[in-house]
file coords_6.cif (mmCIF, C-alpha atoms)
data_input
loop_
_atom_site.group_PDB
_atom_site.id
_atom_site.type_symbol
_atom_site.label_atom_id
_atom_site.label_comp_id
_atom_site.auth_asym_id
_atom_site.auth_seq_id
_atom_site.Cartn_x
_atom_site.Cartn_y
_atom_site.Cartn_z
ATOM 1 C CA MET A 551 25.014 2.783 -4.034
ATOM 2 C CA LEU A 552 22.306 1.265 -6.225
ATOM 3 C CA ALA A 553 20.823 3.214 -9.122
ATOM 4 C CA LEU A 554 17.526 5.011 -8.556
ATOM 5 C CA ASN A 555 15.855 3.217 -11.468
ATOM 6 C CA ASN A 556 16.038 -0.173 -9.679
ATOM 7 C CA TYR A 557 13.705 1.005 -6.936
ATOM 8 C CA LEU A 558 11.377 2.804 -9.353
ATOM 9 C CA ILE A 559 11.025 -0.282 -11.576
ATOM 10 C CA VAL A 560 10.170 -2.518 -8.597
ATOM 11 C CA SER A 561 7.634 0.084 -7.536
ATOM 12 C CA ALA A 562 6.110 0.192 -11.053
ATOM 13 C CA ILE A 563 5.822 -3.617 -11.138
ATOM 14 C CA LEU A 564 4.090 -3.685 -7.742
ATOM 15 C CA PHE A 565 1.702 -0.935 -8.855
ATOM 16 C CA ALA A 566 0.811 -2.818 -12.056
ATOM 17 C CA ILE A 567 0.184 -6.043 -10.093
ATOM 18 C CA GLY A 568 -2.067 -4.094 -7.719
ATOM 19 C CA THR A 569 -4.007 -2.657 -10.668
ATOM 20 C CA ILE A 570 -4.549 -6.113 -12.172
ATOM 21 C CA GLY A 571 -5.713 -7.397 -8.783
ATOM 22 C CA VAL A 572 -8.239 -4.579 -8.317
ATOM 23 C CA LEU A 573 -9.710 -5.253 -11.766
ATOM 24 C CA THR A 574 -9.859 -9.066 -11.629
ATOM 25 C CA ARG A 575 -10.899 -10.027 -8.089
ATOM 26 C CA SER A 576 -14.530 -9.866 -7.017
ATOM 27 C CA ASN A 577 -14.053 -10.161 -3.246
ATOM 28 C CA ALA A 578 -14.264 -6.663 -1.716
ATOM 29 C CA ILE A 579 -11.645 -7.409 0.971
ATOM 30 C CA LEU A 580 -9.171 -8.632 -1.675
ATOM 31 C CA ILE A 581 -9.766 -5.491 -3.739
ATOM 32 C CA PHE A 582 -9.067 -3.510 -0.584
ATOM 33 C CA MET A 583 -5.763 -5.360 -0.052
ATOM 34 C CA CYS A 584 -4.752 -4.669 -3.665
ATOM 35 C CA VAL A 585 -5.400 -0.956 -3.090
ATOM 36 C CA GLU A 586 -3.088 -1.154 -0.071
ATOM 37 C CA LEU A 587 -0.468 -2.772 -2.317
ATOM 38 C CA MET A 588 -0.737 0.124 -4.797
ATOM 39 C CA LEU A 589 -0.395 2.665 -1.968
ATOM 40 C CA ASN A 590 2.753 0.891 -0.804
ATOM 41 C CA ALA A 591 4.234 0.915 -4.302
ATOM 42 C CA VAL A 592 3.773 4.689 -4.374
ATOM 43 C CA ASN A 593 5.338 4.956 -0.889
ATOM 44 C CA LEU A 594 8.438 3.185 -2.184
ATOM 45 C CA THR A 595 8.683 5.712 -5.036
ATOM 46 C CA PHE A 596 8.376 8.594 -2.583
ATOM 47 C CA ILE A 597 11.101 7.302 -0.272
ATOM 48 C CA ALA A 598 13.497 6.389 -3.109
ATOM 49 C CA LEU A 599 13.134 9.817 -4.713
ATOM 50 C CA SER A 600 13.409 11.529 -1.323
ATOM 51 C CA LYS A 601 16.737 9.794 -0.761
ATOM 52 C CA TYR A 602 18.151 10.424 -4.228
ATOM 53 C CA LEU A 603 16.980 14.049 -4.542
ATOM 54 C CA GLY A 604 18.220 14.886 -1.055
ATOM 55 C CA ASN A 605 14.898 16.238 0.195
ATOM 56 C CA ILE A 606 13.140 14.951 3.311
ATOM 57 C CA ASP A 607 9.641 16.097 2.185
ATOM 58 C CA GLY A 608 8.898 12.851 0.345
ATOM 59 C CA GLN A 609 9.114 10.901 3.594
ATOM 60 C CA ILE A 610 6.641 13.294 5.256
ATOM 61 C CA PHE A 611 4.236 12.506 2.398
ATOM 62 C CA VAL A 612 4.659 8.795 3.096
ATOM 63 C CA PHE A 613 3.735 9.546 6.694
ATOM 64 C CA PHE A 614 0.476 11.164 5.539
ATOM 65 C CA VAL A 615 -0.257 8.364 3.063
ATOM 66 C CA MET A 616 0.047 5.848 5.900
ATOM 67 C CA THR A 617 -2.378 7.889 8.028
ATOM 68 C CA VAL A 618 -4.894 8.041 5.193
ATOM 69 C CA ALA A 619 -4.497 4.286 4.630
ATOM 70 C CA ALA A 620 -5.230 3.618 8.310
ATOM 71 C CA ALA A 621 -8.361 5.808 8.218
ATOM 72 C CA GLU A 622 -9.406 4.142 4.960
ATOM 73 C CA ALA A 623 -8.966 0.688 6.521
ATOM 74 C CA ALA A 624 -11.192 1.584 9.472
ATOM 75 C CA VAL A 625 -14.007 3.107 7.392
ATOM 76 C CA GLY A 626 -13.760 0.624 4.507
ATOM 77 C CA LEU A 627 -13.918 -2.444 6.726
ATOM 78 C CA ALA A 628 -16.868 -0.956 8.654
ATOM 79 C CA LEU A 629 -18.636 -0.464 5.306
ATOM 80 C CA MET A 630 -17.931 -4.107 4.414
ATOM 81 C CA ILE A 631 -19.396 -5.317 7.718
ATOM 82 C CA ALA A 632 -22.509 -3.185 7.136
ATOM 83 C CA PHE A 633 -22.800 -4.610 3.609
ATOM 84 C CA TYR A 634 -22.340 -8.185 4.832
ATOM 85 C CA LYS A 635 -25.196 -7.716 7.304
ATOM 86 C CA ASN A 636 -27.535 -6.886 4.415
ATOM 87 C CA ARG A 637 -26.408 -9.310 1.699
ATOM 88 C CA GLU A 638 -24.550 -12.142 3.504
ATOM 89 C CA SER A 639 -21.574 -11.728 1.164
ATOM 90 C CA VAL A 640 -18.766 -9.299 0.336
ATOM 91 C CA ASP A 641 -18.879 -9.914 -3.413
ATOM 92 C CA VAL A 642 -18.745 -6.670 -5.392
ATOM 93 C CA GLU A 643 -21.062 -8.147 -8.035
ATOM 94 C CA GLU A 644 -23.805 -8.003 -5.409
ATOM 95 C CA VAL A 645 -23.436 -4.231 -5.069
ATOM 96 C CA ASN A 646 -26.046 -3.385 -7.683
ATOM 97 C CA LEU A 647 -28.658 -1.284 -5.920
ATOM 98 C CA MET A 648 -27.670 1.886 -7.772
ATOM 99 C CA LYS A 649 -26.912 0.124 -11.047
ATOM 100 C CA TRP A 650 -28.796 1.535 -13.999
ATOM 101 C CA MET B 350 26.824 -7.538 -2.434
ATOM 102 C CA GLU B 351 24.161 -4.839 -2.173
ATOM 103 C CA ASN B 352 23.044 -5.703 -5.704
ATOM 104 C CA ILE B 353 22.507 -9.378 -4.868
ATOM 105 C CA PHE B 354 20.607 -8.507 -1.689
ATOM 106 C CA PHE B 355 18.420 -6.017 -3.582
ATOM 107 C CA THR B 356 17.645 -8.609 -6.269
ATOM 108 C CA ILE B 357 16.611 -11.238 -3.715
ATOM 109 C CA VAL B 358 14.334 -8.840 -1.821
ATOM 110 C CA ALA B 359 12.817 -7.482 -5.051
ATOM 111 C CA VAL B 360 12.066 -10.984 -6.357
ATOM 112 C CA VAL B 361 10.451 -11.970 -3.049
ATOM 113 C CA ALA B 362 8.368 -8.763 -3.044
ATOM 114 C CA VAL B 363 7.103 -9.295 -6.594
ATOM 115 C CA LEU B 364 6.376 -13.008 -6.047
ATOM 116 C CA CYS B 365 4.454 -12.302 -2.833
ATOM 117 C CA SER B 366 2.430 -9.555 -4.514
ATOM 118 C CA ILE B 367 1.555 -11.987 -7.324
ATOM 119 C CA LEU B 368 0.432 -14.457 -4.635
ATOM 120 C CA VAL B 369 -1.790 -11.718 -3.167
ATOM 121 C CA ILE B 370 -3.828 -11.497 -6.357
ATOM 122 C CA THR B 371 -3.859 -15.224 -7.210
ATOM 123 C CA CYS B 372 -4.570 -17.003 -3.901
ATOM 124 C CA LYS B 373 -8.057 -18.462 -3.530
ATOM 125 C CA ASN B 374 -8.170 -18.111 0.243
ATOM 126 C CA PRO B 375 -8.234 -14.471 1.491
ATOM 127 C CA ILE B 376 -6.145 -15.378 4.566
ATOM 128 C CA ASN B 377 -3.281 -16.578 2.340
ATOM 129 C CA SER B 378 -3.514 -13.331 0.358
ATOM 130 C CA ALA B 379 -3.346 -11.326 3.579
ATOM 131 C CA LEU B 380 -0.251 -13.220 4.774
ATOM 132 C CA SER B 381 1.467 -12.700 1.385
ATOM 133 C CA LEU B 382 0.669 -9.014 1.668
ATOM 134 C CA VAL B 383 2.365 -8.933 5.095
ATOM 135 C CA MET B 384 5.450 -10.504 3.493
ATOM 136 C CA THR B 385 5.409 -7.815 0.770
ATOM 137 C CA PHE B 386 5.238 -5.141 3.469
ATOM 138 C CA PHE B 387 8.287 -6.630 5.180
ATOM 139 C CA CYS B 388 10.189 -6.575 1.866
ATOM 140 C CA LEU B 389 9.260 -2.907 1.415
ATOM 141 C CA ALA B 390 10.476 -2.204 4.961
ATOM 142 C CA THR B 391 13.797 -3.776 3.958
ATOM 143 C CA PHE B 392 13.971 -1.402 0.983
ATOM 144 C CA TYR B 393 13.350 1.536 3.320
ATOM 145 C CA VAL B 394 16.254 0.447 5.503
ATOM 146 C CA MET B 395 18.446 0.223 2.387
ATOM 147 C CA LEU B 396 17.343 3.759 1.470
ATOM 148 C CA ASP B 397 18.487 5.138 4.873
ATOM 149 C CA ALA B 398 14.956 5.612 6.202
ATOM 150 C CA PRO B 399 14.879 3.442 9.353
ATOM 151 C CA PHE B 400 12.006 5.357 10.969
ATOM 152 C CA MET B 401 9.823 4.757 7.895
ATOM 153 C CA ALA B 402 10.746 1.052 7.989
ATOM 154 C CA ALA B 403 9.709 0.899 11.646
ATOM 155 C CA ILE B 404 6.311 2.509 11.085
ATOM 156 C CA GLN B 405 5.821 0.391 7.960
ATOM 157 C CA VAL B 406 6.149 -2.730 10.114
ATOM 158 C CA ILE B 407 4.210 -1.349 13.102
ATOM 159 C CA VAL B 408 1.366 0.463 11.317
ATOM 160 C CA TYR B 409 0.922 -1.565 8.130
ATOM 161 C CA ALA B 410 1.975 -5.096 9.058
ATOM 162 C CA GLY B 411 0.870 -4.617 12.661
ATOM 163 C CA ALA B 412 -2.282 -2.527 12.762
ATOM 164 C CA ILE B 413 -3.881 -2.470 9.315
ATOM 165 C CA MET B 414 -3.275 -6.122 8.438
ATOM 166 C CA VAL B 415 -4.526 -7.280 11.846
ATOM 167 C CA LEU B 416 -7.704 -5.285 11.180
ATOM 168 C CA ILE B 417 -8.112 -6.886 7.740
ATOM 169 C CA ILE B 418 -7.480 -10.436 9.003
ATOM 170 C CA PHE B 419 -9.869 -9.788 11.883
ATOM 171 C CA VAL B 420 -12.625 -8.806 9.443
ATOM 172 C CA ILE B 421 -11.900 -11.784 7.159
ATOM 173 C CA MET B 422 -12.284 -14.149 10.123
ATOM 174 C CA LEU B 423 -15.303 -12.276 11.494
ATOM 175 C CA LEU B 424 -17.193 -12.476 8.195
ATOM 176 C CA ASN B 425 -15.928 -16.018 7.552
ATOM 177 C CA VAL B 426 -15.060 -15.352 3.897
ATOM 178 C CA ARG B 427 -13.626 -18.653 2.677
ATOM 179 C CA THR B 428 -13.338 -18.517 -1.085
ATOM 180 C CA GLU B 429 -14.794 -16.458 -3.852
ATOM 181 C CA ALA B 430 -18.274 -17.604 -4.814
ATOM 182 C CA GLY B 431 -18.456 -16.508 -8.446
ATOM 183 C CA LYS B 432 -15.375 -16.074 -10.549
ATOM 184 C CA ARG B 433 -15.327 -13.107 -12.842
ATOM 185 C CA THR B 434 -15.537 -13.742 -16.563
ATOM 186 C CA SER B 435 -12.383 -14.219 -18.575
ATOM 187 C CA HIS B 436 -12.716 -10.949 -20.461
ATOM 188 C CA ALA B 437 -12.178 -9.108 -17.140
ATOM 189 C CA LEU B 438 -8.825 -10.908 -16.860
ATOM 190 C CA VAL B 439 -7.832 -10.019 -20.422
ATOM 191 C CA ILE B 440 -8.827 -6.357 -20.121
ATOM 192 C CA SER B 441 -7.164 -5.950 -16.739
ATOM 193 C CA SER B 442 -3.951 -7.587 -17.974
ATOM 194 C CA ILE B 443 -3.877 -5.176 -20.903
ATOM 195 C CA ILE B 444 -4.416 -2.221 -18.562
ATOM 196 C CA GLY B 445 -1.778 -3.526 -16.135
ATOM 197 C CA PHE B 446 0.825 -3.927 -18.876
ATOM 198 C CA PHE B 447 -0.089 -0.504 -20.208
ATOM 199 C CA VAL B 448 0.513 1.039 -16.764
ATOM 200 C CA LEU B 449 3.857 -0.758 -16.513
ATOM 201 C CA PHE B 450 4.899 0.244 -20.031
ATOM 202 C CA GLU B 451 3.899 3.850 -19.450
ATOM 203 C CA THR B 452 5.844 4.180 -16.195
ATOM 204 C CA CYS B 453 8.945 2.500 -17.653
ATOM 205 C CA TYR B 454 8.730 4.696 -20.768
ATOM 206 C CA PHE B 455 8.689 7.885 -18.721
ATOM 207 C CA LEU B 456 11.359 6.475 -16.396
ATOM 208 C CA PHE B 457 13.878 5.894 -19.176
ATOM 209 C CA ARG B 458 13.143 9.187 -20.921
ATOM 210 C CA SER B 459 13.514 11.327 -17.813
ATOM 211 C CA THR B 460 16.688 12.524 -16.154
ATOM 212 C CA VAL B 461 16.960 13.048 -12.420
ATOM 213 C CA ARG B 462 19.502 15.503 -11.098
ATOM 214 C CA GLU B 463 20.734 13.315 -8.280
ATOM 215 C CA ASN B 464 21.769 14.935 -5.043
ATOM 216 C CA PRO B 465 21.566 12.076 -2.542
ATOM 217 C CA LEU B 466 21.174 12.484 1.186
ATOM 218 C CA GLU B 467 24.421 11.310 2.750
ATOM 219 C CA SER B 468 24.253 8.316 5.081
ATOM 220 C CA THR B 469 26.745 9.946 7.425
ATOM 221 C CA LEU B 470 24.541 13.032 7.746
ATOM 222 C CA ILE B 471 21.506 10.905 8.580
ATOM 223 C CA ASN B 472 23.530 8.883 11.075
ATOM 224 C CA ARG B 473 24.837 12.057 12.732
ATOM 225 C CA ILE B 474 21.518 13.929 13.042
ATOM 226 C CA GLY B 475 19.224 10.921 13.347
ATOM 227 C CA HIS B 476 16.449 10.085 10.940
ATOM 228 C CA THR B 477 13.649 10.448 13.474
ATOM 229 C CA GLU B 478 14.854 13.903 14.416
ATOM 230 C CA MET B 479 14.912 15.026 10.776
ATOM 231 C CA ILE B 480 11.367 13.766 10.245
ATOM 232 C CA GLY B 481 10.216 15.358 13.476
ATOM 233 C CA ARG B 482 11.744 18.739 12.643
ATOM 234 C CA ALA B 483 10.104 18.803 9.207
ATOM 235 C CA LEU B 484 6.771 17.566 10.575
ATOM 236 C CA TYR B 485 6.514 20.148 13.357
ATOM 237 C CA SER B 486 7.785 23.150 11.407
ATOM 238 C CA ASP B 487 7.009 23.068 7.673
ATOM 239 C CA PHE B 488 4.154 20.577 7.800
ATOM 240 C CA LEU B 489 2.426 21.642 11.023
ATOM 241 C CA LEU B 490 -0.958 22.444 9.433
ATOM 242 C CA PRO B 491 -1.248 19.146 7.461
ATOM 243 C CA PHE B 492 -0.235 17.323 10.642
ATOM 244 C CA GLU B 493 -3.074 18.959 12.589
ATOM 245 C CA ILE B 494 -5.552 18.236 9.779
ATOM 246 C CA THR B 495 -4.459 14.587 9.925
ATOM 247 C CA SER B 496 -5.636 14.400 13.536
ATOM 248 C CA LEU B 497 -9.048 15.666 12.384
ATOM 249 C CA LEU B 498 -9.091 12.976 9.658
ATOM 250 C CA LEU B 499 -8.414 10.252 12.225
ATOM 251 C CA LEU B 500 -11.209 11.573 14.484
ATOM 252 C CA VAL B 501 -13.663 11.530 11.562
ATOM 253 C CA ALA B 502 -12.547 7.985 10.638
ATOM 254 C CA ILE B 503 -13.131 6.737 14.204
ATOM 255 C CA ILE B 504 -16.614 8.262 14.358
ATOM 256 C CA GLY B 505 -17.446 7.004 10.857
ATOM 257 C CA ALA B 506 -16.338 3.456 11.626
ATOM 258 C CA ILE B 507 -18.400 3.322 14.840
ATOM 259 C CA VAL B 508 -21.514 4.734 13.179
ATOM 260 C CA LEU B 509 -21.245 2.389 10.163
ATOM 261 C CA ALA B 510 -20.666 -0.774 12.194
ATOM 262 C CA LYS B 511 -23.576 -0.152 14.565
ATOM 263 C CA LYS B 512 -26.450 -2.630 14.727
ATOM 264 C CA LYS B 513 -28.994 -0.320 13.137
ATOM 265 C CA ILE B 514 -27.894 2.281 10.624
#
call {"tool": "encode", "arguments": {"input": "coords_6.cif", "output": "C-alpha cells"}}
result
Amino acid sequence: MLALNNYLIVSAILFAIGTIGVLTRSNAILIFMCVELMLNAVNLTFIALSKYLGNIDGQIFVFFVMTVAAAEAAVGLALMIAFYKNRESVDVEEVNLMKW
Amino acid sequence: MENIFFTIVAVVAVLCSILVITCKNPINSALSLVMTFFCLATFYVMLDAPFMAAIQVIVYAGAIMVLIIFVIMLLNVRTEAGKRTSHALVISSIIGFFVLFETCYFLFRSTVRENPLESTLINRIGHTEMIGRALYSDFLLPFEITSLLLLVAIIGAIVLAKKKI
C-alpha cells in the first residue's frame, strides 16, 4: 500500500495551483473553476485520511462538500448570467459598483 | 506497480490542473478540469472508495461541468479581454508557493497513527452500504439540512436568472 504522504502532497499541489488560478485570472467563470479545483483537492485529503485513519466520517464530509459545490454552481452561474446582462462581460475587473 | 500507476495519474492530474489556469480559451480550461476530476476519481478507486469515485464522475464531471460549459457557451466568452498586471502574477505565485510550503512543512512534522480500513472488510460489507449506514444514522440531521440547502439553491438560481430582478 502507498504511503499517506503521497496523496496529501498531490492534494497540496492541486490546492496551490487552484490558489494561483483564483488570484491571477480575471474571468469570473475561470475563477469559479479554480475554486472547484481547490474543493476537489480538499476532497482528496478527506478520502485519503479517511482510508488511512480507518474512519468512514471523512467520506461523509466529501459527500456534503459535493452537495455544497453543486448548490454553489447553480447560484454562482445564475449570478454570472445576471451580471452579464448588465455589463456584457464576466470580467471581475468590471465589478466595481461597491468599490471605494 | 501501484507506485508507477500512482505517479502517472498524479502527473496527469497536476499537468491538467496547470492547463486549467493557463489556457486562454475557457472551454479548454473546462475540459482540462474534467480530466483532473477523472484523475481524482482514479485516486478514490485506489483508496477503496468506489462509491465516491462514481459520484465524483457523475456529479462533478457530469452535472457541474456540463452546467459550467453550458454557461460558457451561452455567454459566448471567448478569451479574456484584459490581462491582469504582472504584479498580480508575482504576488499570487508567492502566495501559492507559501501555501504549498506551509502544507508540506506541517505534513512532514506531523505523525499520523495509521489504522487503515481493510480492503477485505470494504469488499465484504460494501462501500455503499457503509456510507449509507453512516449517512442515515450518525449524520441524519446534516443530511436533512442538505436537502434544505438544495431547495434554497434552486429557488435562488431561478430568481437570479429571471428577466427582471
call {"tool": "closest_atom_pairs", "arguments": {"input": "coords_6.cif", "of": "chain A", "to": "chain B", "cutoff": "8 Å", "atoms": "all atoms listed in the file", "output": "Markdown table"}}
result
| residue | atom | partner | partner_atom | distance |
| --- | --- | --- | --- | --- |
| A:Met551 | CA | B:Glu351 | CA | 7.9 |
| A:Leu552 | CA | B:Asn352 | CA | 7.0 |
| A:Asn555 | CA | B:Leu456 | CA | 7.4 |
| A:Leu558 | CA | B:Leu456 | CA | 7.9 |
| A:Ile559 | CA | B:Cys453 | CA | 7.0 |
| A:Val560 | CA | B:Ala359 | CA | 6.6 |
| A:Ala562 | CA | B:Leu449 | CA | 6.0 |
| A:Ile563 | CA | B:Leu449 | CA | 6.4 |
| A:Leu564 | CA | B:Val363 | CA | 6.5 |
| A:Phe565 | CA | B:Leu449 | CA | 8.0 |
| A:Ala566 | CA | B:Gly445 | CA | 4.9 |
| A:Ile567 | CA | B:Ile367 | CA | 6.7 |
| A:Gly568 | CA | B:Ile370 | CA | 7.7 |
| A:Thr569 | CA | B:Gly445 | CA | 6.0 |
| A:Ile570 | CA | B:Ser441 | CA | 5.3 |
| A:Gly571 | CA | B:Ile370 | CA | 5.1 |
| A:Leu573 | CA | B:Ser441 | CA | 5.6 |
| A:Thr574 | CA | B:Leu438 | CA | 5.6 |
| A:Arg575 | CA | B:Arg433 | CA | 7.2 |
| A:Ser576 | CA | B:Arg433 | CA | 6.7 |
| A:Asn577 | CA | B:Glu429 | CA | 6.4 |
| A:Ile579 | CA | B:Ile421 | CA | 7.6 |
| A:Leu580 | CA | B:Pro375 | CA | 6.7 |
| A:Met583 | CA | B:Ala379 | CA | 7.4 |
| A:Cys584 | CA | B:Ile370 | CA | 7.4 |
| A:Leu587 | CA | B:Leu382 | CA | 7.5 |
| A:Asn590 | CA | B:Phe386 | CA | 7.8 |
| A:Leu594 | CA | B:Leu389 | CA | 7.1 |
| A:Ile597 | CA | B:Tyr393 | CA | 7.2 |
| A:Ala598 | CA | B:Leu396 | CA | 6.5 |
| A:Lys601 | CA | B:Leu466 | CA | 5.5 |
| A:Tyr602 | CA | B:Pro465 | CA | 4.2 |
| A:Leu603 | CA | B:Asn464 | CA | 4.9 |
| A:Gly604 | CA | B:Leu466 | CA | 4.4 |
| A:Asn605 | CA | B:Leu466 | CA | 7.4 |
| A:Ile606 | CA | B:Ile480 | CA | 7.3 |
| A:Asp607 | CA | B:Ala483 | CA | 7.5 |
| A:Gln609 | CA | B:Met401 | CA | 7.5 |
| A:Ile610 | CA | B:Leu484 | CA | 6.8 |
| A:Phe613 | CA | B:Met401 | CA | 7.8 |
| A:Phe614 | CA | B:Thr495 | CA | 7.4 |
| A:Met616 | CA | B:Val408 | CA | 7.8 |
| A:Thr617 | CA | B:Thr495 | CA | 7.3 |
| A:Val618 | CA | B:Leu498 | CA | 7.9 |
| A:Ala620 | CA | B:Ile413 | CA | 6.3 |
| A:Ala621 | CA | B:Ala502 | CA | 5.3 |
| A:Glu622 | CA | B:Ala502 | CA | 7.5 |
| A:Ala623 | CA | B:Ile413 | CA | 6.6 |
| A:Ala624 | CA | B:Ala506 | CA | 5.9 |
| A:Val625 | CA | B:Ala506 | CA | 4.8 |
| A:Leu627 | CA | B:Val420 | CA | 7.0 |
| A:Ala628 | CA | B:Ala510 | CA | 5.2 |
| A:Leu629 | CA | B:Leu509 | CA | 6.2 |
| A:Ile631 | CA | B:Ala510 | CA | 6.5 |
| A:Ala632 | CA | B:Ala510 | CA | 5.9 |
| A:Tyr634 | CA | B:Leu424 | CA | 7.5 |
| A:Ser639 | CA | B:Val426 | CA | 7.9 |
| A:Val640 | CA | B:Val426 | CA | 7.9 |
| A:Asp641 | CA | B:Glu429 | CA | 7.7 |
call {"tool": "atom_distance", "arguments": {"input": "coords_6.cif", "atom1": "atom CA of B:Asn377", "atom2": "atom CA of B:Arg427"}}
result
10.6 Å
call {"tool": "residues_around", "arguments": {"input": "coords_6.cif", "residues": "B:Thr391", "least_positions_apart": "3", "cutoff": "8 Å", "atoms": "all atoms listed in the file", "output": "list of chain:residue names"}}
result
B:Val358, B:Phe387, B:Cys388, B:Val394, B:Met395, B:Ala402
call {"tool": "atom_distance", "arguments": {"input": "coords_6.cif", "atom1": "atom CA of B:Ile474", "atom2": "atom CA of B:Gly411"}}
result
27.8 Å
call {"tool": "atom_distance", "arguments": {"input": "coords_6.cif", "atom1": "atom CA of B:Gly475", "atom2": "atom CA of A:Gly608"}}
result
16.7 Å
call {"tool": "build_atoms", "arguments": {"input": "coords_6.cif", "residues": "stretch 563-584 of chain A", "atoms": "N, CA and C atoms", "output": "mmCIF file, in the frame of the given file"}}
result
data_model
loop_
_atom_site.group_PDB
_atom_site.id
_atom_site.type_symbol
_atom_site.label_atom_id
_atom_site.label_comp_id
_atom_site.auth_asym_id
_atom_site.auth_seq_id
_atom_site.Cartn_x
_atom_site.Cartn_y
_atom_site.Cartn_z
ATOM 1 N N ILE A 563 6.338 -2.248 -11.012
ATOM 2 C CA ILE A 563 5.822 -3.617 -11.138
ATOM 3 C C ILE A 563 4.767 -3.875 -10.064
ATOM 4 N N LEU A 564 5.060 -3.471 -8.826
ATOM 5 C CA LEU A 564 4.090 -3.685 -7.742
ATOM 6 C C LEU A 564 2.795 -2.942 -8.028
ATOM 7 N N PHE A 565 2.904 -1.720 -8.559
ATOM 8 C CA PHE A 565 1.702 -0.935 -8.855
ATOM 9 C C PHE A 565 0.862 -1.613 -9.931
ATOM 10 N N ALA A 566 1.545 -2.152 -10.973
ATOM 11 C CA ALA A 566 0.811 -2.818 -12.056
ATOM 12 C C ALA A 566 0.116 -4.073 -11.535
ATOM 13 N N ILE A 567 0.805 -4.839 -10.664
ATOM 14 C CA ILE A 567 0.184 -6.043 -10.093
ATOM 15 C C ILE A 567 -1.041 -5.662 -9.271
ATOM 16 N N GLY A 568 -0.926 -4.563 -8.500
ATOM 17 C CA GLY A 568 -2.067 -4.094 -7.719
ATOM 18 C C GLY A 568 -3.239 -3.711 -8.606
ATOM 19 N N THR A 569 -2.938 -3.037 -9.740
ATOM 20 C CA THR A 569 -4.007 -2.657 -10.668
ATOM 21 C C THR A 569 -4.724 -3.875 -11.209
ATOM 22 N N ILE A 570 -3.942 -4.895 -11.636
ATOM 23 C CA ILE A 570 -4.549 -6.113 -12.172
ATOM 24 C C ILE A 570 -5.429 -6.768 -11.118
ATOM 25 N N GLY A 571 -4.933 -6.795 -9.856
ATOM 26 C CA GLY A 571 -5.713 -7.397 -8.783
ATOM 27 C C GLY A 571 -7.032 -6.683 -8.554
ATOM 28 N N VAL A 572 -7.003 -5.341 -8.535
ATOM 29 C CA VAL A 572 -8.239 -4.579 -8.317
ATOM 30 C C VAL A 572 -9.254 -4.893 -9.406
ATOM 31 N N LEU A 573 -8.770 -5.067 -10.666
ATOM 32 C CA LEU A 573 -9.710 -5.253 -11.766
ATOM 33 C C LEU A 573 -10.189 -6.691 -11.908
ATOM 34 N N THR A 574 -9.437 -7.677 -11.390
ATOM 35 C CA THR A 574 -9.859 -9.066 -11.629
ATOM 36 C C THR A 574 -10.606 -9.685 -10.450
ATOM 37 N N ARG A 575 -10.272 -9.340 -9.207
ATOM 38 C CA ARG A 575 -10.899 -10.027 -8.089
ATOM 39 C C ARG A 575 -12.292 -9.474 -7.840
ATOM 40 N N SER A 576 -13.174 -10.329 -7.291
ATOM 41 C CA SER A 576 -14.530 -9.866 -7.017
ATOM 42 C C SER A 576 -14.826 -9.788 -5.522
ATOM 43 N N ASN A 577 -13.887 -10.257 -4.692
ATOM 44 C CA ASN A 577 -14.053 -10.161 -3.246
ATOM 45 C C ASN A 577 -13.639 -8.757 -2.793
ATOM 46 N N ALA A 578 -14.536 -8.056 -2.076
ATOM 47 C CA ALA A 578 -14.264 -6.663 -1.716
ATOM 48 C C ALA A 578 -13.032 -6.533 -0.828
ATOM 49 N N ILE A 579 -12.802 -7.502 0.073
ATOM 50 C CA ILE A 579 -11.645 -7.409 0.971
ATOM 51 C C ILE A 579 -10.343 -7.570 0.184
ATOM 52 N N LEU A 580 -10.371 -8.456 -0.851
ATOM 53 C CA LEU A 580 -9.171 -8.632 -1.675
ATOM 54 C C LEU A 580 -8.890 -7.379 -2.492
ATOM 55 N N ILE A 581 -9.955 -6.740 -3.004
ATOM 56 C CA ILE A 581 -9.766 -5.491 -3.739
ATOM 57 C C ILE A 581 -9.133 -4.453 -2.822
ATOM 58 N N PHE A 582 -9.611 -4.430 -1.573
ATOM 59 C CA PHE A 582 -9.067 -3.510 -0.584
ATOM 60 C C PHE A 582 -7.574 -3.759 -0.357
ATOM 61 N N MET A 583 -7.185 -5.048 -0.264
ATOM 62 C CA MET A 583 -5.763 -5.360 -0.052
ATOM 63 C C MET A 583 -4.932 -4.949 -1.262
ATOM 64 N N CYS A 584 -5.495 -5.085 -2.471
ATOM 65 C CA CYS A 584 -4.752 -4.669 -3.665
ATOM 66 C C CYS A 584 -4.555 -3.159 -3.682
#
